[in-house]
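Asks: Please see the structure below; I have some questions.
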2 protein chains.
Amino acid sequence: MHKTKRQQKILSLIRTRRIGTQQELSAMLERAGFVATQSSISRDLEELGVVKHHGYYTMPRAKEGASARGLLGLDPAGDCLVVAKCEPGMASSVAVEIDRAAIPEIVGTLAGEDTVFIAVLERKAQRAVLKKVLELFG
Amino acid sequence: MHKTKRQQKILSLIRTRRIGTQQELSAMLERAGFVATQSSISRDLEELGVVKHHGYYTMPRAKEGASARGLLGLDPAGDCLVVAKCEPGMASSVAVEIDRAAIPEIVGTLAGEDTVFIAVLERKAQRAVLKKVLELFG
DNA sequence: CGCGGTTATGCGCTCGCTTTGCATAACTGG
DNA sequence: CCAGTTATGCAAAGCGAGCGCATAACCGCG
């Protein structure tokens, strides 16, 4: 799919440059071989959760209070996985807390030492789970 | 989606009545408001993992002996993952048993405390694995 | 307020994947 | 081998994702 690669590129662009408008982004994407209108970019940013801060687009960092309970980061992987990065030794307790929330889109969780794999039903559920888990630990 | 609801209805029908042919099933579905040809029903049954036993369609049950050996539930997640819910502390032994079965569609398993992630090749393999693992613990 | 610049969104089109029906092949029990 | 039942190749219909266009909404600033 074209969209996914484009979004990857968008992330890499906003990480490496200071970008202030969707126009700029569009131009840079085009130079990288991705033709996309401002409409699409707007939707991409929304979907990626990118926000404008101090006039530039950036990826918001995971919540601060969360790490108190062991959660350091939360990322989607593929279509049906969410990976939670935790403080060393905290993965199990993070997993337990997530399990207790009984989020319906979650099929199961698997805790290692500092990482939890969260299996979800499918792509759409993935987004929902990201949101709900962040809320849970927010 | 129409298909999902129809398949739900099929499950409820074969649970409550003795149904011996796809024709009967088709008729009953129609009475319930689902128009579907025998082709579709055949594919639905395949997809649901329904089997014909003693001349009637039934859902193979896992529950009996399974939980004795630690397996509580088995669910697909996305396209290439199956999640096995286990009794606390039993995940490793469940995983070992699955590994020993050497099911070819299984790429690998990963056990936590009460959950096993089973990675499979793709969607079709997923279905097959669900079936085979249920058999294994049936 | 109004204005230019920026971003969000309703609408409709396209495209590709899924689901379906038809016809027919394959299978099964007797 | 036969009648009844189930599986399947194929092409069409259905459906949703992604997109662009046009335009509305928003935002900072004078």
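All residue names refer to the structure tokens as shown: chains lettered A, B, ... in order, residues numbered from 1 in each chain, ligands numbered from 1 in order.
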State the Cα RMSD (Å, one decimal) obtained when chain A is least-squares superposed onto chain B, all Cα atoms paired in order.
Replies: 3.2 Å
Asks: Pick out the residues sitting within 12 Å of C:DC13, and hand them over as a tab-separated table (two decimals) with N, CA, C and O atoms (P, O5', C5', C4', C3', O3' and C1' of nucleotides), in the first residue's frame; count only C-alpha atoms (C1' of nucleotides), and ignore anything fewer than 2 positions along from it in its own chain.
Replies:
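Below is the file selection06.tsv, written as the result:
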```
chain	number	residue	atom	x	y	z
C	11	DC	P	-22.23	15.26	2.65
C	11	DC	O5'	-21.60	15.03	1.21
C	11	DC	C5'	-21.31	16.16	0.37
C	11	DC	C4'	-20.65	15.67	-0.90
C	11	DC	C3'	-21.17	14.32	-1.41
C	11	DC	O3'	-21.60	14.47	-2.75
C	11	DC	C1'	-18.79	14.34	-1.33
C	15	DC	P	-9.25	3.47	-11.55
C	15	DC	O5'	-8.60	2.50	-10.49
C	15	DC	C5'	-8.02	3.06	-9.30
C	15	DC	C4'	-7.91	1.95	-8.28
C	15	DC	C3'	-7.79	0.55	-8.90
C	15	DC	O3'	-6.73	-0.11	-8.26
C	15	DC	C1'	-9.60	0.61	-7.36
D	18	DG	P	-6.68	2.74	3.98
D	18	DG	O5'	-6.61	3.71	2.71
D	18	DG	C5'	-6.20	3.18	1.46
D	18	DG	C4'	-6.29	4.25	0.42
D	18	DG	C3'	-5.72	5.62	0.82
D	18	DG	O3'	-4.73	5.96	-0.13
D	18	DG	C1'	-7.86	5.86	-0.13
D	19	DC	P	-3.86	7.26	-0.01
D	19	DC	O5'	-4.64	8.30	-0.93
D	19	DC	C5'	-4.81	7.98	-2.30
D	19	DC	C4'	-5.79	8.93	-2.94
D	19	DC	C3'	-5.52	10.40	-2.68
D	19	DC	O3'	-4.78	10.91	-3.79
D	19	DC	C1'	-7.87	9.84	-2.64
D	20	DG	P	-4.20	12.38	-3.72
D	20	DG	O5'	-5.30	13.22	-4.51
D	20	DG	C5'	-5.81	12.71	-5.72
D	20	DG	C4'	-6.96	13.58	-6.22
D	20	DG	C3'	-6.68	15.08	-6.12
D	20	DG	O3'	-7.15	15.71	-7.31
D	20	DG	C1'	-8.64	14.52	-4.87
D	21	DC	P	-6.92	17.27	-7.58
D	21	DC	O5'	-8.36	17.90	-7.35
D	21	DC	C5'	-9.49	17.30	-8.00
D	21	DC	C4'	-10.78	17.94	-7.48
D	21	DC	C3'	-10.68	19.46	-7.29
D	21	DC	O3'	-11.75	20.09	-7.99
D	21	DC	C1'	-11.54	18.42	-5.33
```
Asks: May I have a table of the residues of chain B lying at most 12 Å from chain D, giving each one's closest pair of atoms and their distance in Å to one decimal, counting only C-alpha atoms (C1' of nucleotides), ordered by chain and ascending residue number, as a tab-separated table?
Replies:
```
residue	atom	partner	partner_atom	distance
B:Met1	CA	D:DC15	C1'	9.1
B:His2	CA	D:DG14	C1'	10.8
B:Lys3	CA	D:DG14	C1'	11.9
B:Gly20	CA	D:DT5	C1'	10.0
B:Thr21	CA	D:DT5	C1'	7.3
B:Gln22	CA	D:DT5	C1'	8.1
B:Gln23	CA	D:DT5	C1'	8.9
B:Glu24	CA	D:DT5	C1'	11.5
B:Gln38	CA	D:DT6	C1'	8.6
B:Ser39	CA	D:DA7	C1'	8.1
B:Ser40	CA	D:DA7	C1'	10.7
B:Ile41	CA	D:DT6	C1'	10.0
B:Ser42	CA	D:DT6	C1'	7.0
B:Arg43	CA	D:DA7	C1'	8.5
B:Asp44	CA	D:DA7	C1'	11.9
B:Leu45	CA	D:DT6	C1'	10.8
B:Glu46	CA	D:DA7	C1'	9.9
B:Lys52	CA	D:DT6	C1'	11.2
B:Gly55	CA	D:DT5	C1'	11.6
```
Asks: Any idea which chain C residues end up within 8 Å of chain A if we count only C-alpha atoms (C1' of nucleotides), as a list in words please?
Replies: DT6, DT7 and DA8 of chain C
Asks: Please identify all polymer residues within 7 Å of A:Glu87, counting only C-alpha atoms (C1' of nucleotides), omitting same-chain residues fewer than 5 positions from it, and present them as an NGL selection string.
Replies: :A and (70-72 or 114)
Asks: Restricting the output to C-alpha atoms, write the selected residues as an mmCIF file, in the first residue's frame.
Replies:
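part-v1.cif was written with the following content:
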```cif
data_model
loop_
_atom_site.group_PDB
_atom_site.id
_atom_site.type_symbol
_atom_site.label_atom_id
_atom_site.label_comp_id
_atom_site.auth_asym_id
_atom_site.auth_seq_id
_atom_site.Cartn_x
_atom_site.Cartn_y
_atom_site.Cartn_z
ATOM 1 C CA GLY A 70 6.081 0.981 34.473
ATOM 2 C CA LEU A 71 4.897 1.952 31.010
ATOM 3 C CA LEU A 72 7.493 3.730 28.880
ATOM 4 C CA ASP A 114 10.507 -5.163 29.853
#
```
Asks: Residues of chain A that have any atom at most 10 Å from an atom of chain B: could you tabulate them with the shortest-distance atom pair and the distance in Å to one decimal, using only C-alpha atoms, ordered by chain and increasing number, as JSON lines?
Replies:
```
{"residue": "A:Gly78", "atom": "CA", "partner": "B:Gly78", "partner_atom": "CA", "distance": 9.1}
{"residue": "A:Asp79", "atom": "CA", "partner": "B:Gly78", "partner_atom": "CA", "distance": 6.4}
{"residue": "A:Cys80", "atom": "CA", "partner": "B:Gly78", "partner_atom": "CA", "distance": 4.7}
{"residue": "A:Leu81", "atom": "CA", "partner": "B:Gly78", "partner_atom": "CA", "distance": 8.0}
{"residue": "A:Ser92", "atom": "CA", "partner": "B:Glu113", "partner_atom": "CA", "distance": 8.6}
{"residue": "A:Glu105", "atom": "CA", "partner": "B:Ala77", "partner_atom": "CA", "distance": 9.6}
{"residue": "A:Ile106", "atom": "CA", "partner": "B:Ala77", "partner_atom": "CA", "distance": 8.6}
{"residue": "A:Val107", "atom": "CA", "partner": "B:Ala77", "partner_atom": "CA", "distance": 6.4}
{"residue": "A:Gly108", "atom": "CA", "partner": "B:Val83", "partner_atom": "CA", "distance": 6.2}
{"residue": "A:Thr109", "atom": "CA", "partner": "B:Thr115", "partner_atom": "CA", "distance": 6.8}
{"residue": "A:Leu110", "atom": "CA", "partner": "B:Gly112", "partner_atom": "CA", "distance": 5.4}
{"residue": "A:Ala111", "atom": "CA", "partner": "B:Gly112", "partner_atom": "CA", "distance": 5.8}
{"residue": "A:Gly112", "atom": "CA", "partner": "B:Gly112", "partner_atom": "CA", "distance": 6.9}
{"residue": "A:Val116", "atom": "CA", "partner": "B:Gly112", "partner_atom": "CA", "distance": 9.7}
{"residue": "A:Phe117", "atom": "CA", "partner": "B:Phe117", "partner_atom": "CA", "distance": 8.9}
{"residue": "A:Ile118", "atom": "CA", "partner": "B:Phe117", "partner_atom": "CA", "distance": 9.7}
{"residue": "A:Ala119", "atom": "CA", "partner": "B:Ala77", "partner_atom": "CA", "distance": 6.1}
{"residue": "A:Val120", "atom": "CA", "partner": "B:Ala77", "partner_atom": "CA", "distance": 5.6}
{"residue": "A:Leu121", "atom": "CA", "partner": "B:Ala77", "partner_atom": "CA", "distance": 4.6}
{"residue": "A:Glu122", "atom": "CA", "partner": "B:Gly78", "partner_atom": "CA", "distance": 4.6}
{"residue": "A:Arg123", "atom": "CA", "partner": "B:Gly78", "partner_atom": "CA", "distance": 7.4}
{"residue": "A:Ala125", "atom": "CA", "partner": "B:Gly78", "partner_atom": "CA", "distance": 9.5}
{"residue": "A:Gln126", "atom": "CA", "partner": "B:Gly78", "partner_atom": "CA", "distance": 9.7}
```
Asks: At a cut-off of 10 Å, using only C-alpha atoms (C1' of nucleotides), what residues contact B:Leu48? Leave out same-chain residues fewer than 5 positions from it and give the result as an MDAnalysis selection string.
Replies: chainID B and resid 7:8 10:11 43 59 127 131
Asks: Take the residues just selected and output them with N, CA and C atoms as a compact mmCIF listing (two decimals), in the first residue's frame.
Replies:
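So the final result, stored in part.txt, reads:
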```txt
# COMPACT_ATOMS: atom_id res chain seq x y z
N GLN B 7 -23.06 -16.06 9.75
CA GLN B 7 -22.29 -17.13 10.37
C GLN B 7 -22.65 -17.27 11.85
N GLN B 8 -22.93 -16.16 12.50
CA GLN B 8 -23.41 -16.21 13.88
C GLN B 8 -24.67 -17.04 13.96
N ILE B 10 -25.74 -19.23 11.86
CA ILE B 10 -25.46 -20.64 11.58
C ILE B 10 -25.03 -21.34 12.86
N LEU B 11 -24.13 -20.71 13.58
CA LEU B 11 -23.66 -21.32 14.82
C LEU B 11 -24.81 -21.54 15.79
N ARG B 43 -18.95 -22.65 2.30
CA ARG B 43 -17.76 -21.87 2.65
C ARG B 43 -17.82 -21.37 4.09
N MET B 59 -20.19 -27.92 16.27
CA MET B 59 -18.94 -27.21 16.52
C MET B 59 -18.08 -28.10 17.40
N ARG B 127 -6.46 -20.49 10.35
CA ARG B 127 -7.63 -21.35 10.49
C ARG B 127 -7.20 -22.79 10.79
N LYS B 131 -7.74 -25.17 14.28
CA LYS B 131 -8.34 -26.49 14.23
C LYS B 131 -7.41 -27.54 14.84
```
Asks: Could you tell me, as an mmCIF file with N, CA, C and O atoms, in the first residue's frame, which residues of stretch 13-104 of chain A DSSP assigns to helix (DSSP H, G or I) when given the backbone?
Replies:
```cif
data_model
loop_
_atom_site.group_PDB
_atom_site.id
_atom_site.type_symbol
_atom_site.label_atom_id
_atom_site.label_comp_id
_atom_site.auth_asym_id
_atom_site.auth_seq_id
_atom_site.Cartn_x
_atom_site.Cartn_y
_atom_site.Cartn_z
ATOM 1 N N LEU A 13 10.398 12.524 8.060
ATOM 2 C CA LEU A 13 10.608 13.932 7.712
ATOM 3 C C LEU A 13 10.424 14.844 8.924
ATOM 4 O O LEU A 13 11.253 15.718 9.172
ATOM 5 N N ILE A 14 9.341 14.637 9.659
ATOM 6 C CA ILE A 14 9.114 15.541 10.790
ATOM 7 C C ILE A 14 10.108 15.272 11.911
ATOM 8 O O ILE A 14 10.293 16.099 12.783
ATOM 9 N N ARG A 15 10.754 14.126 11.867
ATOM 10 C CA ARG A 15 11.771 13.859 12.868
ATOM 11 C C ARG A 15 13.061 14.603 12.533
ATOM 12 O O ARG A 15 13.749 15.102 13.416
ATOM 13 N N THR A 16 13.355 14.683 11.231
ATOM 14 C CA THR A 16 14.657 15.230 10.849
ATOM 15 C C THR A 16 14.635 16.706 10.469
ATOM 16 O O THR A 16 15.660 17.356 10.496
ATOM 17 N N GLN A 22 1.591 21.988 6.058
ATOM 18 C CA GLN A 22 1.355 20.782 5.275
ATOM 19 C C GLN A 22 1.821 20.985 3.841
ATOM 20 O O GLN A 22 2.125 20.025 3.141
ATOM 21 N N GLN A 23 1.882 22.240 3.419
ATOM 22 C CA GLN A 23 2.412 22.549 2.093
ATOM 23 C C GLN A 23 3.866 22.121 1.994
ATOM 24 O O GLN A 23 4.261 21.421 1.063
ATOM 25 N N GLU A 24 4.663 22.557 2.956
ATOM 26 C CA GLU A 24 6.076 22.174 2.976
ATOM 27 C C GLU A 24 6.213 20.665 2.925
ATOM 28 O O GLU A 24 6.985 20.106 2.141
ATOM 29 N N LEU A 25 5.451 20.028 3.796
ATOM 30 C CA LEU A 25 5.491 18.579 3.882
ATOM 31 C C LEU A 25 5.187 17.976 2.524
ATOM 32 O O LEU A 25 5.890 17.078 2.038
ATOM 33 N N SER A 26 4.150 18.505 1.886
ATOM 34 C CA SER A 26 3.769 18.012 0.572
ATOM 35 C C SER A 26 4.930 18.113 -0.405
ATOM 36 O O SER A 26 5.229 17.173 -1.142
ATOM 37 N N ALA A 27 5.600 19.268 -0.392
ATOM 38 C CA ALA A 27 6.723 19.476 -1.310
ATOM 39 C C ALA A 27 7.842 18.472 -1.040
ATOM 40 O O ALA A 27 8.389 17.868 -1.960
ATOM 41 N N MET A 28 8.155 18.290 0.219
ATOM 42 C CA MET A 28 9.233 17.355 0.580
ATOM 43 C C MET A 28 8.877 15.937 0.195
ATOM 44 O O MET A 28 9.710 15.185 -0.290
ATOM 45 N N LEU A 29 7.639 15.581 0.419
ATOM 46 C CA LEU A 29 7.191 14.247 0.040
ATOM 47 C C LEU A 29 7.351 14.060 -1.457
ATOM 48 O O LEU A 29 7.829 13.031 -1.923
ATOM 49 N N GLU A 30 6.978 15.090 -2.188
ATOM 50 C CA GLU A 30 7.047 14.988 -3.636
ATOM 51 C C GLU A 30 8.491 14.759 -4.068
ATOM 52 O O GLU A 30 8.770 13.932 -4.930
ATOM 53 N N ARG A 31 9.418 15.482 -3.443
ATOM 54 C CA ARG A 31 10.821 15.278 -3.768
ATOM 55 C C ARG A 31 11.255 13.845 -3.454
ATOM 56 O O ARG A 31 12.170 13.318 -4.070
ATOM 57 N N GLN A 38 -2.810 18.086 -0.026
ATOM 58 C CA GLN A 38 -2.882 18.524 1.368
ATOM 59 C C GLN A 38 -3.961 17.727 2.126
ATOM 60 O O GLN A 38 -3.794 17.414 3.308
ATOM 61 N N SER A 39 -5.052 17.404 1.442
ATOM 62 C CA SER A 39 -6.109 16.617 2.083
ATOM 63 C C SER A 39 -5.546 15.335 2.669
ATOM 64 O O SER A 39 -5.754 15.026 3.842
ATOM 65 N N SER A 40 -4.837 14.623 1.836
ATOM 66 C CA SER A 40 -4.302 13.333 2.276
ATOM 67 C C SER A 40 -3.343 13.522 3.434
ATOM 68 O O SER A 40 -3.358 12.766 4.401
ATOM 69 N N ILE A 41 -2.518 14.555 3.332
ATOM 70 C CA ILE A 41 -1.534 14.785 4.385
ATOM 71 C C ILE A 41 -2.232 15.115 5.698
ATOM 72 O O ILE A 41 -1.859 14.609 6.753
ATOM 73 N N SER A 42 -3.251 15.935 5.618
ATOM 74 C CA SER A 42 -4.016 16.253 6.815
ATOM 75 C C SER A 42 -4.521 14.974 7.469
ATOM 76 O O SER A 42 -4.397 14.772 8.677
ATOM 77 N N ARG A 43 -5.079 14.090 6.644
ATOM 78 C CA ARG A 43 -5.611 12.841 7.186
ATOM 79 C C ARG A 43 -4.491 11.948 7.720
ATOM 80 O O ARG A 43 -4.649 11.286 8.746
ATOM 81 N N ASP A 44 -3.365 11.963 7.042
ATOM 82 C CA ASP A 44 -2.229 11.173 7.520
ATOM 83 C C ASP A 44 -1.803 11.634 8.907
ATOM 84 O O ASP A 44 -1.612 10.828 9.813
ATOM 85 N N LEU A 45 -1.671 12.931 9.066
ATOM 86 C CA LEU A 45 -1.200 13.469 10.336
ATOM 87 C C LEU A 45 -2.166 13.098 11.455
ATOM 88 O O LEU A 45 -1.768 12.646 12.528
ATOM 89 N N GLU A 46 -3.441 13.271 11.163
ATOM 90 C CA GLU A 46 -4.470 12.867 12.119
ATOM 91 C C GLU A 46 -4.290 11.409 12.515
ATOM 92 O O GLU A 46 -4.272 11.056 13.697
ATOM 93 N N GLU A 47 -4.112 10.580 11.499
ATOM 94 C CA GLU A 47 -4.044 9.144 11.722
ATOM 95 C C GLU A 47 -2.795 8.761 12.510
ATOM 96 O O GLU A 47 -2.814 7.845 13.322
ATOM 97 N N LEU A 48 -1.725 9.466 12.244
ATOM 98 C CA LEU A 48 -0.460 9.164 12.914
ATOM 99 C C LEU A 48 -0.425 9.751 14.321
ATOM 100 O O LEU A 48 0.406 9.373 15.143
ATOM 101 N N GLY A 65 3.162 10.484 33.619
ATOM 102 C CA GLY A 65 2.680 9.718 34.770
ATOM 103 C C GLY A 65 2.707 8.214 34.525
ATOM 104 O O GLY A 65 2.801 7.423 35.446
ATOM 105 N N ALA A 66 2.652 7.839 33.267
ATOM 106 C CA ALA A 66 2.592 6.433 32.920
ATOM 107 C C ALA A 66 3.795 5.670 33.463
ATOM 108 O O ALA A 66 3.653 4.585 34.018
ATOM 109 N N SER A 67 4.958 6.274 33.315
ATOM 110 C CA SER A 67 6.162 5.530 33.673
ATOM 111 C C SER A 67 6.192 5.209 35.161
ATOM 112 O O SER A 67 6.882 4.302 35.595
ATOM 113 N N ALA A 68 5.433 5.953 35.943
ATOM 114 C CA ALA A 68 5.342 5.635 37.368
ATOM 115 C C ALA A 68 4.847 4.212 37.543
ATOM 116 O O ALA A 68 5.249 3.497 38.454
ATOM 117 N N ARG A 69 3.966 3.784 36.641
ATOM 118 C CA ARG A 69 3.437 2.426 36.757
ATOM 119 C C ARG A 69 4.128 1.470 35.793
ATOM 120 O O ARG A 69 3.636 0.386 35.550
ATOM 121 N N ALA A 91 7.103 -5.384 33.148
ATOM 122 C CA ALA A 91 6.214 -5.801 32.065
ATOM 123 C C ALA A 91 5.004 -6.586 32.585
ATOM 124 O O ALA A 91 3.873 -6.330 32.178
ATOM 125 N N SER A 92 5.233 -7.522 33.482
ATOM 126 C CA SER A 92 4.124 -8.347 33.974
ATOM 127 C C SER A 92 3.046 -7.497 34.616
ATOM 128 O O SER A 92 1.858 -7.691 34.367
ATOM 129 N N SER A 93 3.460 -6.550 35.441
ATOM 130 C CA SER A 93 2.444 -5.781 36.147
ATOM 131 C C SER A 93 1.702 -4.866 35.189
ATOM 132 O O SER A 93 0.508 -4.618 35.341
ATOM 133 N N VAL A 94 2.419 -4.379 34.190
ATOM 134 C CA VAL A 94 1.738 -3.596 33.156
ATOM 135 C C VAL A 94 0.716 -4.471 32.444
ATOM 136 O O VAL A 94 -0.428 -4.073 32.229
ATOM 137 N N ALA A 95 1.125 -5.696 32.122
ATOM 138 C CA ALA A 95 0.231 -6.617 31.421
ATOM 139 C C ALA A 95 -1.000 -6.920 32.263
ATOM 140 O O ALA A 95 -2.126 -6.924 31.761
ATOM 141 N N VAL A 96 -0.774 -7.146 33.523
ATOM 142 C CA VAL A 96 -1.898 -7.446 34.417
ATOM 143 C C VAL A 96 -2.884 -6.284 34.440
ATOM 144 O O VAL A 96 -4.093 -6.470 34.332
ATOM 145 N N GLU A 97 -2.338 -5.096 34.510
ATOM 146 C CA GLU A 97 -3.219 -3.930 34.550
ATOM 147 C C GLU A 97 -4.026 -3.804 33.274
ATOM 148 O O GLU A 97 -5.217 -3.489 33.294
ATOM 149 N N ILE A 98 -3.361 -4.071 32.166
ATOM 150 C CA ILE A 98 -4.068 -4.014 30.882
ATOM 151 C C ILE A 98 -5.134 -5.099 30.823
ATOM 152 O O ILE A 98 -6.272 -4.851 30.408
ATOM 153 N N ASP A 99 -4.781 -6.300 31.254
ATOM 154 C CA ASP A 99 -5.757 -7.395 31.257
ATOM 155 C C ASP A 99 -6.975 -7.030 32.090
ATOM 156 O O ASP A 99 -8.110 -7.272 31.690
ATOM 157 N N ARG A 100 -6.723 -6.448 33.239
ATOM 158 C CA ARG A 100 -7.820 -6.125 34.146
ATOM 159 C C ARG A 100 -8.791 -5.127 33.525
ATOM 160 O O ARG A 100 -9.970 -5.116 33.858
ATOM 161 N N ALA A 101 -8.260 -4.276 32.648
ATOM 162 C CA ALA A 101 -9.128 -3.285 32.013
ATOM 163 C C ALA A 101 -10.121 -3.953 31.069
ATOM 164 O O ALA A 101 -11.115 -3.363 30.670
#
```
Asks: Would you kindly return, as a list of chain:residue names, each protein, DNA or RNA residue with an atom no farther than 9 Å from any atom of A:Val133, considering only C-alpha atoms (C1' of nucleotides) and excluding same-chain residues fewer than 3 positions away?
Replies: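 Returned residues: A:Leu74, A:Ile98, A:Ala101, A:Ile103, A:Ala128, A:Val129, A:Leu130, A:Leu136, A:Phe137, A:Gly138.
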Asks: Take the residues just selected and output them with all heavy atoms as a tab-separated table (two decimals), in the first residue's frame.
Replies:
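Wrote out26.tsv, looks like this:
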```
chain	number	residue	atom	x	y	z
A	74	LEU	N	4.44	3.00	23.76
A	74	LEU	CA	3.40	2.14	23.20
A	74	LEU	C	3.42	2.32	21.69
A	74	LEU	O	3.23	3.43	21.20
A	74	LEU	CB	2.05	2.56	23.78
A	74	LEU	CG	0.93	1.55	23.75
A	74	LEU	CD1	1.28	0.32	24.56
A	74	LEU	CD2	-0.34	2.17	24.29
A	98	ILE	N	-3.36	-4.07	32.17
A	98	ILE	CA	-4.07	-4.01	30.88
A	98	ILE	C	-5.13	-5.10	30.82
A	98	ILE	O	-6.27	-4.85	30.41
A	98	ILE	CB	-3.08	-4.17	29.71
A	98	ILE	CG1	-2.17	-2.93	29.64
A	98	ILE	CG2	-3.81	-4.34	28.40
A	98	ILE	CD1	-1.03	-3.06	28.66
A	101	ALA	N	-8.26	-4.28	32.65
A	101	ALA	CA	-9.13	-3.28	32.01
A	101	ALA	C	-10.12	-3.95	31.07
A	101	ALA	O	-11.11	-3.36	30.67
A	101	ALA	CB	-8.30	-2.26	31.27
A	103	ILE	N	-10.23	-4.68	27.90
A	103	ILE	CA	-10.53	-3.96	26.66
A	103	ILE	C	-10.95	-4.97	25.60
A	103	ILE	O	-10.19	-5.90	25.32
A	103	ILE	CB	-9.30	-3.16	26.21
A	103	ILE	CG1	-8.94	-2.13	27.29
A	103	ILE	CG2	-9.54	-2.49	24.87
A	103	ILE	CD1	-7.59	-1.47	27.09
A	128	ALA	N	-7.70	1.78	18.34
A	128	ALA	CA	-8.54	1.92	19.52
A	128	ALA	C	-7.78	1.49	20.77
A	128	ALA	O	-7.85	2.15	21.81
A	128	ALA	CB	-9.80	1.07	19.35
A	129	VAL	N	-7.04	0.42	20.64
A	129	VAL	CA	-6.30	-0.10	21.80
A	129	VAL	C	-5.21	0.87	22.22
A	129	VAL	O	-5.02	1.15	23.41
A	129	VAL	CB	-5.71	-1.48	21.48
A	129	VAL	CG1	-4.69	-1.89	22.53
A	129	VAL	CG2	-6.82	-2.52	21.40
A	130	LEU	N	-4.48	1.41	21.25
A	130	LEU	CA	-3.46	2.40	21.57
A	130	LEU	C	-4.06	3.49	22.44
A	130	LEU	O	-3.51	3.86	23.49
A	130	LEU	CB	-2.92	3.02	20.28
A	130	LEU	CG	-1.85	2.24	19.53
A	130	LEU	CD1	-1.54	2.89	18.20
A	130	LEU	CD2	-0.59	2.17	20.38
A	136	LEU	N	-5.64	4.59	29.97
A	136	LEU	CA	-5.55	3.78	31.19
A	136	LEU	C	-4.36	4.20	32.03
A	136	LEU	O	-4.43	4.27	33.26
A	136	LEU	CB	-5.42	2.31	30.78
A	136	LEU	CG	-5.42	1.27	31.89
A	136	LEU	CD1	-6.73	1.32	32.65
A	136	LEU	CD2	-5.18	-0.11	31.32
A	137	PHE	N	-3.25	4.49	31.36
A	137	PHE	CA	-2.03	4.83	32.09
A	137	PHE	C	-1.80	6.34	32.17
A	137	PHE	O	-0.82	6.78	32.75
A	137	PHE	CB	-0.83	4.16	31.42
A	137	PHE	CG	-0.71	2.71	31.75
A	137	PHE	CD1	-1.45	1.76	31.06
A	137	PHE	CD2	0.13	2.28	32.76
A	137	PHE	CE1	-1.35	0.41	31.37
A	137	PHE	CE2	0.24	0.94	33.08
A	137	PHE	CZ	-0.51	0.00	32.38
A	138	GLY	N	-2.72	7.10	31.54
A	138	GLY	CA	-2.49	8.54	31.44
A	138	GLY	C	-2.52	9.23	32.75
A	138	GLY	O	-3.27	9.60	33.43
```
Asks: Extract the full set of strand (DSSP E) residues from chain B according to DSSP on the backbone, and format it as a tab-separated table (two decimals) with C-alpha atoms, in the first residue's frame.
Replies:
```
chain	number	residue	atom	x	y	z
B	51	VAL	CA	-17.83	-30.43	11.21
B	52	LYS	CA	-20.38	-33.11	10.45
B	53	HIS	CA	-20.55	-35.70	13.15
B	56	TYR	CA	-25.23	-33.65	12.02
B	57	TYR	CA	-23.31	-30.43	11.95
B	58	THR	CA	-21.65	-29.45	15.19
B	71	LEU	CA	-5.68	-24.52	27.81
B	72	LEU	CA	-8.65	-22.24	28.39
B	73	GLY	CA	-9.27	-20.59	25.08
B	74	LEU	CA	-7.92	-20.06	21.60
B	75	ASP	CA	-8.50	-17.02	19.42
B	76	PRO	CA	-7.22	-15.59	16.16
B	77	ALA	CA	-5.75	-12.11	16.18
B	81	LEU	CA	-1.38	-14.68	15.09
B	82	VAL	CA	-3.27	-17.08	17.33
B	83	VAL	CA	-3.55	-16.38	21.04
B	84	ALA	CA	-3.93	-19.21	23.53
B	85	LYS	CA	-5.31	-18.27	26.92
B	86	CYS	CA	-4.11	-20.64	29.64
B	106	ILE	CA	3.22	-22.69	12.94
B	107	VAL	CA	6.19	-20.41	12.60
B	108	GLY	CA	6.87	-20.14	16.30
B	109	THR	CA	5.36	-19.90	19.76
B	110	LEU	CA	6.04	-17.60	22.67
B	111	ALA	CA	4.82	-18.34	26.19
B	115	THR	CA	-0.82	-16.69	27.49
B	116	VAL	CA	0.85	-18.19	24.44
B	117	PHE	CA	1.33	-16.33	21.18
B	118	ILE	CA	1.42	-18.59	18.16
B	119	ALA	CA	2.77	-17.03	14.98
B	120	VAL	CA	1.49	-18.52	11.75
```
Asks: If I take atom CA of B:Arg6 and atom CA of B:Ile19, how far is one from the other in Å, to one decimal?
Replies: 15.8 Å
Asks: Grab the atom C1' of C:DT19 to atom CA of B:Val35 distance for me, in Å with one decimal place.
Replies: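 Atom-to-atom, atom C1' of C:DT19 and atom CA of B:Val35 are spaced 13.3 Å apart.
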Asks: Please report the interatomic distance between atom CA of A:Lys5 and atom CA of A:Arg17 in Å with one decimal.
Replies: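 Atom CA of A:Arg17 lies 18.0 Å from atom CA of A:Lys5.
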